[in-house]
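Q: I'd like to ask you about the structure that follows.
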Amino acid sequence: MLIPVVVKESFPHAVGRVTGIYTAALAAGGGFGATFTPMLEPLLGWRGAVGAWAALSAGALVVWATGARHGATPASRIADGERRSMLRRPLAWAVTAFFGLQACVAYVAMGWLSELFVSEGIPRTTAGLMLALINIIGIPLSFLIPPIALNRNSQSGWIVGLASCSLAAIVGLAVAPAAAPWLWTVLLGVGMAVFPLGLGLIALRTRETSETTDLSAMAQGFGYLLGASGPFLFGVLHGITGTWTASLALLAAVIVAEMILGWVVGRPRFV
């Protein structure tokens, strides 16, 4: 939750570039984990293979603690008594809902895409590579898209365009999942590039660092809670119907709502 705040405070004139670097590192970490954890399992066992990544977390904590010692929090121009709760700001709720819906799409893709492909006769190892590809696609896109889109006056067109790729992928998965699985995977990976834009909007739609803190807590707190419900509902529908059709229809509706809200929150204004 702290990243938008750090970016707003330390890099107010480079929101797109710094957000892109962060999300590229995040995508790279996910891709490396999906790729190398199975390779470590024969040597360390599954617990050791998963636990080995804690060493990177410990290293990141050291770097973060060192950098935090040299920062100074700027004084807010808004007095504490004048701060209005984000819960009373309609645009803050729109940002929160948008962030939650894009997280929902990402969580469903990460949790169910491989299972869907395997059920259609695709080998499990190939399905795993497709899941890793989604993360890998996010690396170059995170370097390219946020610095361009977040420096524009409006991000609405970018959000709708990227989400349209996700929608096309879901339609393809519903109609002919085994016909072009790599294409559906690539389209879904491109569509999930809305994530760095969602993070960047938290900084762009606020004037003060204190407001960024409040909006970040609200958008990511409620947003990730909303996103976490996606894989559960997707699986429940699949269990009830025995097919993927209803689950994919629900996900398509989520993406359409994401596009609508993305158009709203992408317009240049402040909470």
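We name chains A, B, ... following the order of the structure tokens; residues begin at 1 in each chain, and ligands are numbered from 1 as shown.
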Just the residues within 9 Å of Pro12 in chain A, please, counting only C-alpha atoms, with nothing from its chain fewer than 5 positions along; format it as a ChimeraX atom specification.

A: /A:7,203-204

Q: How about saving the chosen residues, C-alpha atoms kept, as a compact mmCIF listing (two decimals), in the first residue's frame?

A:
```
# COMPACT_ATOMS: atom_id res chain seq x y z
CA VAL A 7 6.12 7.71 -5.50
CA ALA A 203 -0.98 9.35 -6.96
CA LEU A 204 -2.36 11.34 -9.89
```

Q: Can you tell me, as a VMD selection string, what residues are no more than 12 Å from Ala257 in chain A when counting only C-alpha atoms, ignoring any on the same chain fewer than 3 positions away?

A: chain A and resid 94 97 to 102 104 to 105 159 to 160 163 to 164 167 250 to 254 260 to 264

Q: CA of Arg267 in chain A and CA of Pro146 in chain A are how many Å apart?

A: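 Between these atoms lies a distance of 15.5 Å.
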
Q: Using only C-alpha atoms, find each residue of range 150-239 of chain A with at least one atom at most 12 Å away from an atom of range 90-93 of chain A; report its shortest atom-to-atom pair and that distance in Å (one decimal), sort the rows by chain and rising residue number, and return the result as CSV.

A:
```
residue,atom,partner,partner_atom,distance
A:Leu201,CA,A:Ala92,CA,10.6
A:Ile202,CA,A:Ala92,CA,8.9
A:Ala203,CA,A:Ala92,CA,11.7
A:Leu204,CA,A:Ala92,CA,11.9
A:Arg205,CA,A:Ala92,CA,8.7
A:Thr206,CA,A:Ala92,CA,9.6
A:Glu211,CA,A:Ala92,CA,10.3
A:Thr212,CA,A:Ala92,CA,10.5
A:Asp214,CA,A:Ala92,CA,9.6
A:Leu215,CA,A:Ala92,CA,6.6
A:Ser216,CA,A:Ala92,CA,9.5
A:Ala217,CA,A:Ala92,CA,10.8
A:Met218,CA,A:Ala92,CA,8.0
A:Ala219,CA,A:Ala92,CA,7.5
A:Gln220,CA,A:Trp93,CA,11.2
A:Gly221,CA,A:Trp93,CA,11.8
A:Phe222,CA,A:Trp93,CA,9.5
A:Gly223,CA,A:Trp93,CA,9.7
```

Q: Please dump the current selection as a compact mmCIF listing (two decimals), in the first residue's frame; keep C-alpha atoms.

A:
```txt
# COMPACT_ATOMS: atom_id res chain seq x y z
CA LEU A 201 -3.90 6.89 -10.61
CA ILE A 202 -3.80 6.81 -6.81
CA ALA A 203 -0.98 9.35 -6.96
CA LEU A 204 -2.36 11.34 -9.89
CA ARG A 205 -5.84 11.83 -8.44
CA THR A 206 -4.58 13.40 -5.20
CA GLU A 211 -4.42 12.41 0.52
CA THR A 212 -2.39 9.84 -1.39
CA ASP A 214 -5.64 7.90 2.56
CA LEU A 215 -6.64 6.98 -0.98
CA SER A 216 -3.99 4.28 -1.21
CA ALA A 217 -5.22 2.67 2.01
CA MET A 218 -8.81 2.80 0.83
CA ALA A 219 -8.26 1.70 -2.78
CA GLN A 220 -5.89 -1.13 -1.98
CA GLY A 221 -7.57 -2.17 1.27
CA PHE A 222 -11.10 -2.48 -0.10
CA GLY A 223 -9.86 -3.14 -3.63
```

Q: Have a look at CA of Arg207 in chain A and CA of Val271 in chain A and let me know their distance in Å, one decimal.

A: 8.4 Å

Q: Quick one: DSSP alpha helix (DSSP H) residues in range 27-224 of chain A, as an MDAnalysis selection string?

A: chainID A and resid 27:51 54:68 90:119 124:149 156:175 181:191 194:204 209:224

Q: Within 10 Å of range 51-55 of chain A, counting only C-alpha atoms, which residues qualify if same-chain residues fewer than 5 places away don't, as a PyMOL selection string?

A: chain A and resi 29+33+37+40+44-46+60-61

Q: Could you dump the residues just selected with N, CA and C atoms as a compact mmCIF listing (two decimals), in the first residue's frame?

A:
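Final output, selection.txt:
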```txt
# COMPACT_ATOMS: atom_id res chain seq x y z
N GLY A 29 9.51 -10.68 -10.60
CA GLY A 29 9.55 -11.56 -9.43
C GLY A 29 8.55 -12.69 -9.54
N GLY A 33 9.58 -16.61 -9.90
CA GLY A 33 9.07 -17.56 -8.92
C GLY A 33 8.37 -18.73 -9.59
N THR A 37 10.78 -22.08 -9.04
CA THR A 37 10.36 -22.86 -7.88
C THR A 37 10.28 -24.35 -8.19
N LEU A 40 13.72 -25.87 -8.04
CA LEU A 40 14.31 -25.99 -6.71
C LEU A 40 13.70 -27.11 -5.89
N LEU A 44 15.34 -29.00 -2.66
CA LEU A 44 15.00 -28.47 -1.34
C LEU A 44 13.67 -28.98 -0.80
N GLY A 45 12.91 -29.71 -1.64
CA GLY A 45 11.55 -30.04 -1.24
C GLY A 45 10.64 -28.85 -1.49
N TRP A 46 9.31 -29.08 -1.48
CA TRP A 46 8.43 -27.96 -1.83
C TRP A 46 8.46 -26.85 -0.78
N ALA A 60 15.37 -7.17 0.48
CA ALA A 60 14.58 -5.98 0.16
C ALA A 60 14.31 -5.16 1.41
N LEU A 61 14.08 -5.85 2.53
CA LEU A 61 13.82 -5.15 3.79
C LEU A 61 15.03 -4.32 4.21
```

Q: Between A:Val5, A:Ile122, A:Leu237, A:Ile134, which has the minimum distance to Ala106 in chain A (counting only C-alpha atoms)?

A: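 Among the listed residues, the smallest separation from Ala106 in chain A belongs to A:Ile134.
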
Q: Looking at A:Arg88, A:Arg269, A:His13, A:His238, which one is nearest to Gln155 in chain A, with distances taken over only C-alpha atoms?

A: A:Arg269

Q: Find the spatial neighbours of Ala193 in chain A, counting only C-alpha atoms, within a cut-off of 7 Å - ignore same-chain residues fewer than 3 positions away - and output them as a list in words.

A: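 So the residues in contact are Gly138, Leu141, Ser142, Leu162, Gly189, Val190 and Pro196 of chain A.
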
Q: Write out, as an mmCIF file, in the first residue's frame, the residues just selected, with all heavy atoms.

A:
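Printed below is selection33.cif as written:
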```
data_model
loop_
_atom_site.group_PDB
_atom_site.id
_atom_site.type_symbol
_atom_site.label_atom_id
_atom_site.label_comp_id
_atom_site.auth_asym_id
_atom_site.auth_seq_id
_atom_site.Cartn_x
_atom_site.Cartn_y
_atom_site.Cartn_z
ATOM 1 N N GLY A 138 4.261 -8.721 -18.586
ATOM 2 C CA GLY A 138 4.126 -7.514 -17.786
ATOM 3 C C GLY A 138 5.416 -6.739 -17.614
ATOM 4 O O GLY A 138 5.375 -5.536 -17.318
ATOM 5 N N LEU A 141 5.929 -4.293 -20.730
ATOM 6 C CA LEU A 141 4.788 -3.371 -20.750
ATOM 7 C C LEU A 141 4.843 -2.384 -19.590
ATOM 8 O O LEU A 141 4.431 -1.231 -19.729
ATOM 9 C CB LEU A 141 3.476 -4.165 -20.714
ATOM 10 C CG LEU A 141 3.158 -4.997 -21.953
ATOM 11 C CD1 LEU A 141 1.793 -5.668 -21.809
ATOM 12 C CD2 LEU A 141 3.177 -4.144 -23.219
ATOM 13 N N SER A 142 5.348 -2.838 -18.443
ATOM 14 C CA SER A 142 5.463 -1.936 -17.290
ATOM 15 C C SER A 142 6.495 -0.847 -17.535
ATOM 16 O O SER A 142 6.370 0.265 -17.017
ATOM 17 C CB SER A 142 5.836 -2.740 -16.033
ATOM 18 O OG SER A 142 4.780 -3.591 -15.653
ATOM 19 N N LEU A 162 -6.527 -1.368 -22.994
ATOM 20 C CA LEU A 162 -5.895 -2.530 -22.379
ATOM 21 C C LEU A 162 -6.939 -3.525 -21.876
ATOM 22 O O LEU A 162 -6.793 -4.745 -22.070
ATOM 23 C CB LEU A 162 -5.000 -2.082 -21.221
ATOM 24 C CG LEU A 162 -3.739 -1.318 -21.610
ATOM 25 C CD1 LEU A 162 -3.071 -0.731 -20.370
ATOM 26 C CD2 LEU A 162 -2.761 -2.215 -22.362
ATOM 27 N N GLY A 189 -2.386 -11.196 -20.761
ATOM 28 C CA GLY A 189 -1.213 -10.551 -20.173
ATOM 29 C C GLY A 189 -1.136 -9.073 -20.510
ATOM 30 O O GLY A 189 -0.807 -8.244 -19.653
ATOM 31 N N VAL A 190 -1.469 -8.729 -21.751
ATOM 32 C CA VAL A 190 -1.489 -7.317 -22.147
ATOM 33 C C VAL A 190 -2.570 -6.567 -21.376
ATOM 34 O O VAL A 190 -2.359 -5.456 -20.880
ATOM 35 C CB VAL A 190 -1.714 -7.187 -23.660
ATOM 36 C CG1 VAL A 190 -1.931 -5.725 -24.056
ATOM 37 C CG2 VAL A 190 -0.532 -7.768 -24.432
ATOM 38 N N PRO A 196 -0.388 -1.275 -13.277
ATOM 39 C CA PRO A 196 0.431 -0.099 -12.947
ATOM 40 C C PRO A 196 -0.315 1.206 -13.140
ATOM 41 O O PRO A 196 -0.046 2.192 -12.433
ATOM 42 C CB PRO A 196 1.630 -0.213 -13.892
ATOM 43 C CG PRO A 196 1.195 -1.124 -14.978
ATOM 44 C CD PRO A 196 0.243 -2.087 -14.339
#
```

Q: What is the distance between CA of Ala127 in chain A and CA of Ala168 in chain A, in Å to one decimal?

A: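 Between CA of Ala127 in chain A and CA of Ala168 in chain A the gap works out to 19.2 Å.
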
Q: Choose the residue, out of A:Thr213, A:Thr241, A:Ser247, A:Thr96, that has the smallest atom-to-atom separation from Val265 in chain A; count only C-alpha atoms.

A: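 Under the stated criterion, the closest residue is A:Thr96.
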
Q: For Trp184 in chain A, work out the shell of residues within 6 Å, counting only C-alpha atoms and skipping chain neighbours fewer than 3 positions away, then give it as a list in words.

A: Ala169, Pro181 and Leu187 of chain A
